[in-house]
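Q: Here you go, work-v3.tsv (TSV, C-alpha atoms):
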chain	number	residue	atom	x	y	z
A	274	MET	CA	27.24	96.55	67.72
A	275	LEU	CA	27.89	94.14	64.84
A	276	GLN	CA	31.29	92.90	65.93
A	277	SER	CA	34.37	93.98	67.85
A	278	HIS	CA	38.01	93.01	68.13
A	279	VAL	CA	41.32	94.37	69.34
A	280	ARG	CA	44.28	95.13	67.11
A	281	ALA	CA	47.93	95.93	67.59
A	282	ALA	CA	49.13	99.45	68.36
A	283	LEU	CA	52.37	101.15	69.35
A	284	ASP	CA	52.84	103.54	72.24
A	285	ALA	CA	55.21	105.88	70.43
A	286	ARG	CA	55.96	107.87	73.60
A	287	ARG	CA	58.18	105.03	74.81
A	288	ASP	CA	61.80	104.37	73.94
A	289	ALA	CA	61.76	102.20	70.81
A	290	ASP	CA	64.56	99.82	71.75
A	291	GLU	CA	63.12	99.27	75.23
A	292	SER	CA	59.70	98.60	73.77
A	293	LEU	CA	61.12	96.12	71.23
A	294	ARG	CA	63.16	94.30	73.87
A	295	GLU	CA	60.07	93.86	76.03
A	296	ALA	CA	57.94	92.77	73.10
A	297	LEU	CA	60.29	90.38	71.32
A	298	GLY	CA	62.83	89.28	73.89
A	299	ALA	CA	66.59	88.81	73.50
A	300	LYS	CA	66.38	85.52	71.58
A	301	LYS	CA	64.01	86.81	68.88
A	302	LEU	CA	65.94	90.07	68.50
A	303	LYS	CA	69.14	88.09	68.03
A	304	GLU	CA	67.48	86.05	65.27
A	305	LEU	CA	66.22	89.22	63.59
A	306	ARG	CA	69.73	90.73	63.74
A	307	ARG	CA	71.05	87.57	62.07
A	308	GLN	CA	68.45	87.91	59.33
A	309	ARG	CA	69.27	91.60	58.96
A	310	ASN	CA	72.95	90.77	58.52
A	311	ARG	CA	72.02	88.20	55.89
A	312	LEU	CA	69.89	90.81	54.13
A	313	ALA	CA	72.83	93.24	54.23
A	314	GLU	CA	74.86	90.74	52.21
A	315	HIS	CA	72.76	91.88	49.24
A	316	GLY	CA	73.85	95.49	49.80
A	317	THR	CA	74.07	98.13	52.51
A	318	LEU	CA	70.70	98.47	54.24
A	319	ARG	CA	69.05	101.86	53.97
A	320	PHE	CA	65.81	103.04	55.60
A	321	GLU	CA	64.18	105.91	53.72
A	322	VAL	CA	61.21	108.14	54.45
A	323	ALA	CA	59.43	109.96	51.61
A	324	ARG	CA	57.39	112.98	52.72
A	325	ARG	CA	57.31	115.69	50.08
A	326	PRO	CA	54.83	115.27	47.20
A	327	GLN	CA	57.57	114.77	44.61
A	328	GLU	CA	59.15	112.07	46.80
A	329	ILE	CA	55.77	110.43	47.40
A	330	ALA	CA	55.07	110.25	43.65
A	331	GLN	CA	58.13	108.00	43.20
A	332	ALA	CA	57.77	106.10	46.47
A	333	VAL	CA	54.14	105.11	45.85
A	334	GLU	CA	55.16	103.44	42.58
A	335	LEU	CA	57.81	101.51	44.49
A	336	PHE	CA	55.22	100.44	47.06
A	337	LEU	CA	52.73	99.36	44.40
A	338	MET	CA	55.38	97.34	42.60
A	339	LEU	CA	56.43	95.52	45.78
A	340	GLU	CA	52.85	94.84	46.86
A	341	ALA	CA	52.06	93.38	43.45
A	342	SER	CA	55.12	91.12	43.47
A	343	GLY	CA	53.97	88.66	46.11
A	344	TRP	CA	51.04	86.70	47.50
A	345	LYS	CA	48.57	89.59	47.22
A	346	ALA	CA	48.95	89.49	43.45
A	347	GLN	CA	48.48	85.73	43.45
A	348	ARG	CA	45.27	86.23	45.40
A	349	GLY	CA	44.19	89.07	43.12
A	350	THR	CA	44.07	91.71	45.88
A	351	ALA	CA	47.12	93.85	45.03
A	352	LEU	CA	46.19	97.50	44.50
A	353	MET	CA	47.97	97.66	41.14
A	354	GLN	CA	45.74	94.90	39.79
A	355	ASP	CA	42.75	97.21	39.83
A	356	GLU	CA	43.10	100.42	37.81
A	357	GLY	CA	40.68	102.28	40.07
A	358	ASP	CA	42.44	101.21	43.26
A	359	ALA	CA	45.86	102.16	41.90
A	360	ARG	CA	44.60	105.54	40.69
A	361	PHE	CA	43.01	106.21	44.08
A	362	ILE	CA	46.12	105.37	46.12
A	363	ARG	CA	48.28	107.54	43.88
A	364	ARG	CA	45.96	110.53	44.20
A	365	ALA	CA	45.29	110.03	47.91
A	366	THR	CA	48.93	109.74	48.94
A	367	MET	CA	49.84	112.83	46.92
A	368	ALA	CA	46.97	114.87	48.37
A	369	LEU	CA	47.79	113.81	51.93
A	370	ALA	CA	51.51	114.49	51.41
A	371	GLU	CA	50.67	118.06	50.45
A	372	ILE	CA	49.21	118.61	53.94
A	373	GLY	CA	51.85	116.58	55.77
A	374	GLN	CA	49.66	113.56	56.49
A	375	CYS	CA	51.39	110.83	54.50
A	376	GLU	CA	54.79	109.16	54.51
A	377	ILE	CA	56.05	106.19	52.55
A	378	VAL	CA	58.82	104.31	54.31
A	379	SER	CA	61.07	101.85	52.53
A	380	LEU	CA	63.96	99.52	53.22
A	381	HIS	CA	66.65	98.94	50.58
A	382	ALA	CA	69.47	96.42	50.36
A	383	GLY	CA	71.92	98.32	48.18
A	384	GLU	CA	69.92	99.39	45.15
A	385	THR	CA	67.23	96.75	45.71
A	386	PRO	CA	64.03	97.80	47.52
A	387	VAL	CA	62.92	94.93	49.75
A	388	ALA	CA	59.94	96.45	51.60
A	389	ALA	CA	57.80	99.58	51.58
A	390	GLY	CA	54.88	100.80	53.66
A	391	VAL	CA	52.35	103.63	53.52
A	392	VAL	CA	52.00	105.51	56.81
A	393	LEU	CA	49.21	108.03	57.31
A	394	ARG	CA	49.29	110.72	60.00
A	395	HIS	CA	46.59	112.73	61.75
A	396	GLN	CA	47.23	114.94	64.75
A	397	ASP	CA	49.23	112.82	67.24
A	398	ARG	CA	48.48	109.47	65.59
A	399	ALA	CA	50.09	107.45	62.82
A	400	PHE	CA	48.40	104.68	60.86
A	401	TYR	CA	50.38	101.80	59.31
A	402	PHE	CA	48.11	101.66	56.29
A	403	LYS	CA	49.73	99.23	53.83
A	404	LEU	CA	52.85	97.08	53.47
A	405	GLY	CA	54.50	95.53	50.43
A	406	VAL	CA	57.58	93.29	50.38
A	407	ASP	CA	59.82	91.57	47.87
A	408	GLU	CA	58.87	87.93	48.43
A	409	ARG	CA	62.27	86.77	47.13
A	410	PHE	CA	63.66	87.82	50.52
A	411	ALA	CA	60.81	86.31	52.55
A	412	LYS	CA	63.09	84.09	54.65
A	413	LEU	CA	64.90	87.22	55.87
A	414	SER	CA	61.67	88.91	57.07
A	415	PRO	CA	61.89	92.20	55.11
A	416	GLY	CA	58.46	93.31	56.34
A	417	VAL	CA	59.48	92.79	59.96
A	418	GLN	CA	62.79	94.57	59.38
A	419	LEU	CA	60.96	97.56	57.91
A	420	THR	CA	58.53	97.54	60.84
A	421	LEU	CA	61.42	97.63	63.32
A	422	ASP	CA	62.86	100.67	61.53
A	423	LEU	CA	59.42	102.27	61.42
A	424	THR	CA	58.99	101.66	65.16
A	425	ARG	CA	62.22	103.55	65.88
A	426	HIS	CA	61.22	106.29	63.44
A	427	LEU	CA	57.83	106.85	65.08
A	428	CYS	CA	59.15	106.70	68.64
A	429	ALA	CA	61.74	109.33	67.75
A	430	ASP	CA	59.01	111.70	66.52
A	431	PRO	CA	57.68	113.79	69.45
A	432	SER	CA	54.56	114.70	67.48
A	433	ILE	CA	53.35	111.06	67.44
A	434	SER	CA	52.02	109.45	70.61
A	435	LEU	CA	50.25	106.38	69.18
A	436	ALA	CA	50.53	104.28	66.02
A	437	ASP	CA	47.60	102.16	64.87
A	438	SER	CA	48.51	99.02	62.92
A	439	ILE	CA	45.09	98.92	61.16
A	440	ALA	CA	45.63	95.15	61.18
A	441	ILE	CA	43.20	92.31	61.68
A	442	ALA	CA	42.97	90.78	65.14
A	443	ASP	CA	45.92	88.52	66.04
A	444	HIS	CA	47.91	89.52	62.98
A	445	PRO	CA	50.95	87.18	62.97
A	446	MET	CA	53.48	89.83	61.90
A	447	ILE	CA	52.57	92.97	63.82
A	448	ASN	CA	51.07	91.53	67.01
A	449	PRO	CA	54.37	90.34	68.52
A	450	ILE	CA	56.08	93.68	67.72
A	451	TRP	CA	53.47	96.26	68.71
A	452	ARG	CA	52.09	95.05	72.03
A	453	GLU	CA	49.54	97.74	72.87
A	454	ARG	CA	45.95	97.01	71.82
A	455	LEU	CA	43.13	99.15	70.43
A	456	ALA	CA	39.52	98.04	70.80
A	457	ILE	CA	37.61	98.37	67.52
A	458	GLY	CA	33.87	97.95	66.98
A	459	ASP	CA	31.50	98.10	64.00
A	460	VAL	CA	28.10	99.66	64.59
A	461	LEU	CA	25.13	99.44	62.20
A	462	ILE	CA	22.61	102.25	62.65
A	463	PRO	CA	19.18	101.68	61.00
A	464	LEU	CA	17.50	104.60	59.26
A	465	ARG	CA	14.06	103.24	60.19
A	466	ARG	CA	12.91	101.61	63.41
A	467	ASN	CA	12.52	97.79	63.26
A	468	ASP	CA	13.89	97.65	59.71
A	469	PRO	CA	13.94	93.90	58.75
A	470	VAL	CA	16.91	94.48	56.46
A	471	ILE	CA	19.11	95.08	59.49
A	472	SER	CA	18.85	91.50	60.75
A	473	THR	CA	19.70	90.19	57.26
A	474	ILE	CA	22.80	92.40	57.06
A	475	HIS	CA	23.80	91.38	60.57
A	476	ALA	CA	23.57	87.67	59.68
A	477	ALA	CA	25.52	88.13	56.45
A	478	ILE	CA	28.34	89.99	58.19
A	479	GLY	CA	28.43	87.35	60.94
A	480	LEU	CA	28.78	84.58	58.34
A	481	ARG	CA	31.55	86.42	56.54
A	482	THR	CA	33.45	86.91	59.80
A	483	SER	CA	33.12	83.25	60.79
A	484	LEU	CA	34.54	82.11	57.44
A	485	ARG	CA	37.33	84.69	57.18
A	486	GLU	CA	39.51	83.46	60.07
A	487	PRO	CA	39.69	79.78	58.97
A	488	ALA	CA	40.51	80.94	55.45
A	489	ARG	CA	43.27	83.23	56.74
A	490	GLN	CA	44.77	80.45	58.84
A	491	LEU	CA	44.74	78.11	55.84
A	492	VAL	CA	46.57	80.65	53.70
A	493	HIS	CA	49.28	81.13	56.35
A	494	PHE	CA	49.62	77.35	56.76
A	495	ILE	CA	50.11	76.85	53.02
A	496	ARG	CA	52.61	79.72	52.82
A	497	LYS	CA	54.70	78.28	55.66
A	498	ARG	CA	54.70	74.85	54.02
A	499	LEU	CA	55.84	76.35	50.73
A	500	GLU	CA	58.62	78.34	52.46
A	501	LYS	CA	60.10	75.21	54.10
A	502	PRO	CA	63.15	73.81	52.28
A	503	SER	CA	62.47	70.53	50.50
Written as structure tokens, that's how I'd like the structure from this file.
A:
Amino acid sequence: MLQSHVRAALDARRDADESLREALGAKKLKELRRQRNRLAEHGTLRFEVARRPQEIAQAVELFLMLEASGWKAQRGTALMQDEGDARFIRRATMALAEIGQCEIVSLHAGETPVAAGVVLRHQDRAFYFKLGVDERFAKLSPGVQLTLDLTRHLCADPSISLADSIAIADHPMINPIWRERLAIGDVLIPLRRNDPVISTIHAAIGLRTSLREPARQLVHFIRKRLEKPS
């Protein structure tokens, strides 16, 4: 095994509000309700779920726009910044919607979309594939607010028993909300016995992993400093 980690998941068989109370506690939920009320000052909040292909075609453009409006665009990793990536996500979401395996959830304040996420489905599992938010509302936690609505949506669906966050280990947004954990491992299988290339690949992946976490922490530190009022 090359590496392993655990990531956040949601037991969707539980009552959503009970699960959120246990995960976040009364004080944090009160703060999130305050932020939600502040967000509602920009317009009545509305949680929407796009399922049908024609709905998905519009919703995926909304998601791409939101994802490209914030820090991912600044880092050059927004899907819309690469023509091939954008074309793939459009085609994939449409194709999966046609067989009932894709939803795009969104949160609106009046006529303004503030967050959108792509949710994939397979059998009794859901996968929180991608999230995009309007960074102008960052102080009001639009991504968290959407995730709370999504949690209630998934827990109310009897066909879903588990939701996988598909997040990195210790993700600062989803970890405190979805408290179950999935163990994930990467396995490299050589095509030839004693292949020397395997050890080189193993070392390269290990180096990448060791550098990724400090870089991620630095990015979050800088973002928090920039969000603080001067």
Q: Restricting the calculation to only C-alpha atoms: of A:Glu376, A:Glu321, A:Asp355, A:Asp437, which residue gets closest to Val333 in chain A?
A: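 Ranking A:Glu376, A:Glu321, A:Asp355, A:Asp437 by distance to Val333 in chain A, first place goes to A:Glu376.
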Q: Would you please work out which residue, of A:Arg360, A:His426, A:Arg311, A:Arg319, is nearest to Arg287 in chain A when using only C-alpha atoms?
A: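 Nearest candidate to Arg287 in chain A out of A:Arg360, A:His426, A:Arg311, A:Arg319: A:His426.
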Q: In Å to one decimal, how far is CA of Gly373 in chain A from CA of Ala388 in chain A?
A: 22.1 Å
Q: Quick one, how far is CA of Ile439 in chain A from CA of Leu427 in chain A?
A: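 Going from CA of Ile439 in chain A over to CA of Leu427 in chain A covers 15.5 Å.
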Q: Return the single residue from A:Arg306, A:Arg324, A:Arg348, A:Arg286 that is closest to Ile433 in chain A, with distances computed using all atoms listed in the file.
A: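 Once distances to Ile433 in chain A are computed over all atoms listed in the file, the minimum belongs to A:Arg286.
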Q: Would you mind reading off the distance between CA of Thr385 in chain A and CA of Ala341 in chain A, one decimal, in Å?
A: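 One can read the CA of Thr385 in chain A to CA of Ala341 in chain A distance as 15.7 Å.
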Q: Quick one: of A:Phe410, A:Ala370, A:Ala299, A:Gln347, who's nearest to Glu314 in chain A, counting only C-alpha atoms?
A: A:Phe410
Q: Dump as a ChimeraX atom specification all residues having an atom at most 12 Å from (59.9, 101.8, 59.9), computed in the file's coordinates with only C-alpha atoms.
A: /A:289,319-323,376-381,388-392,399-401,404,415-430,436,450
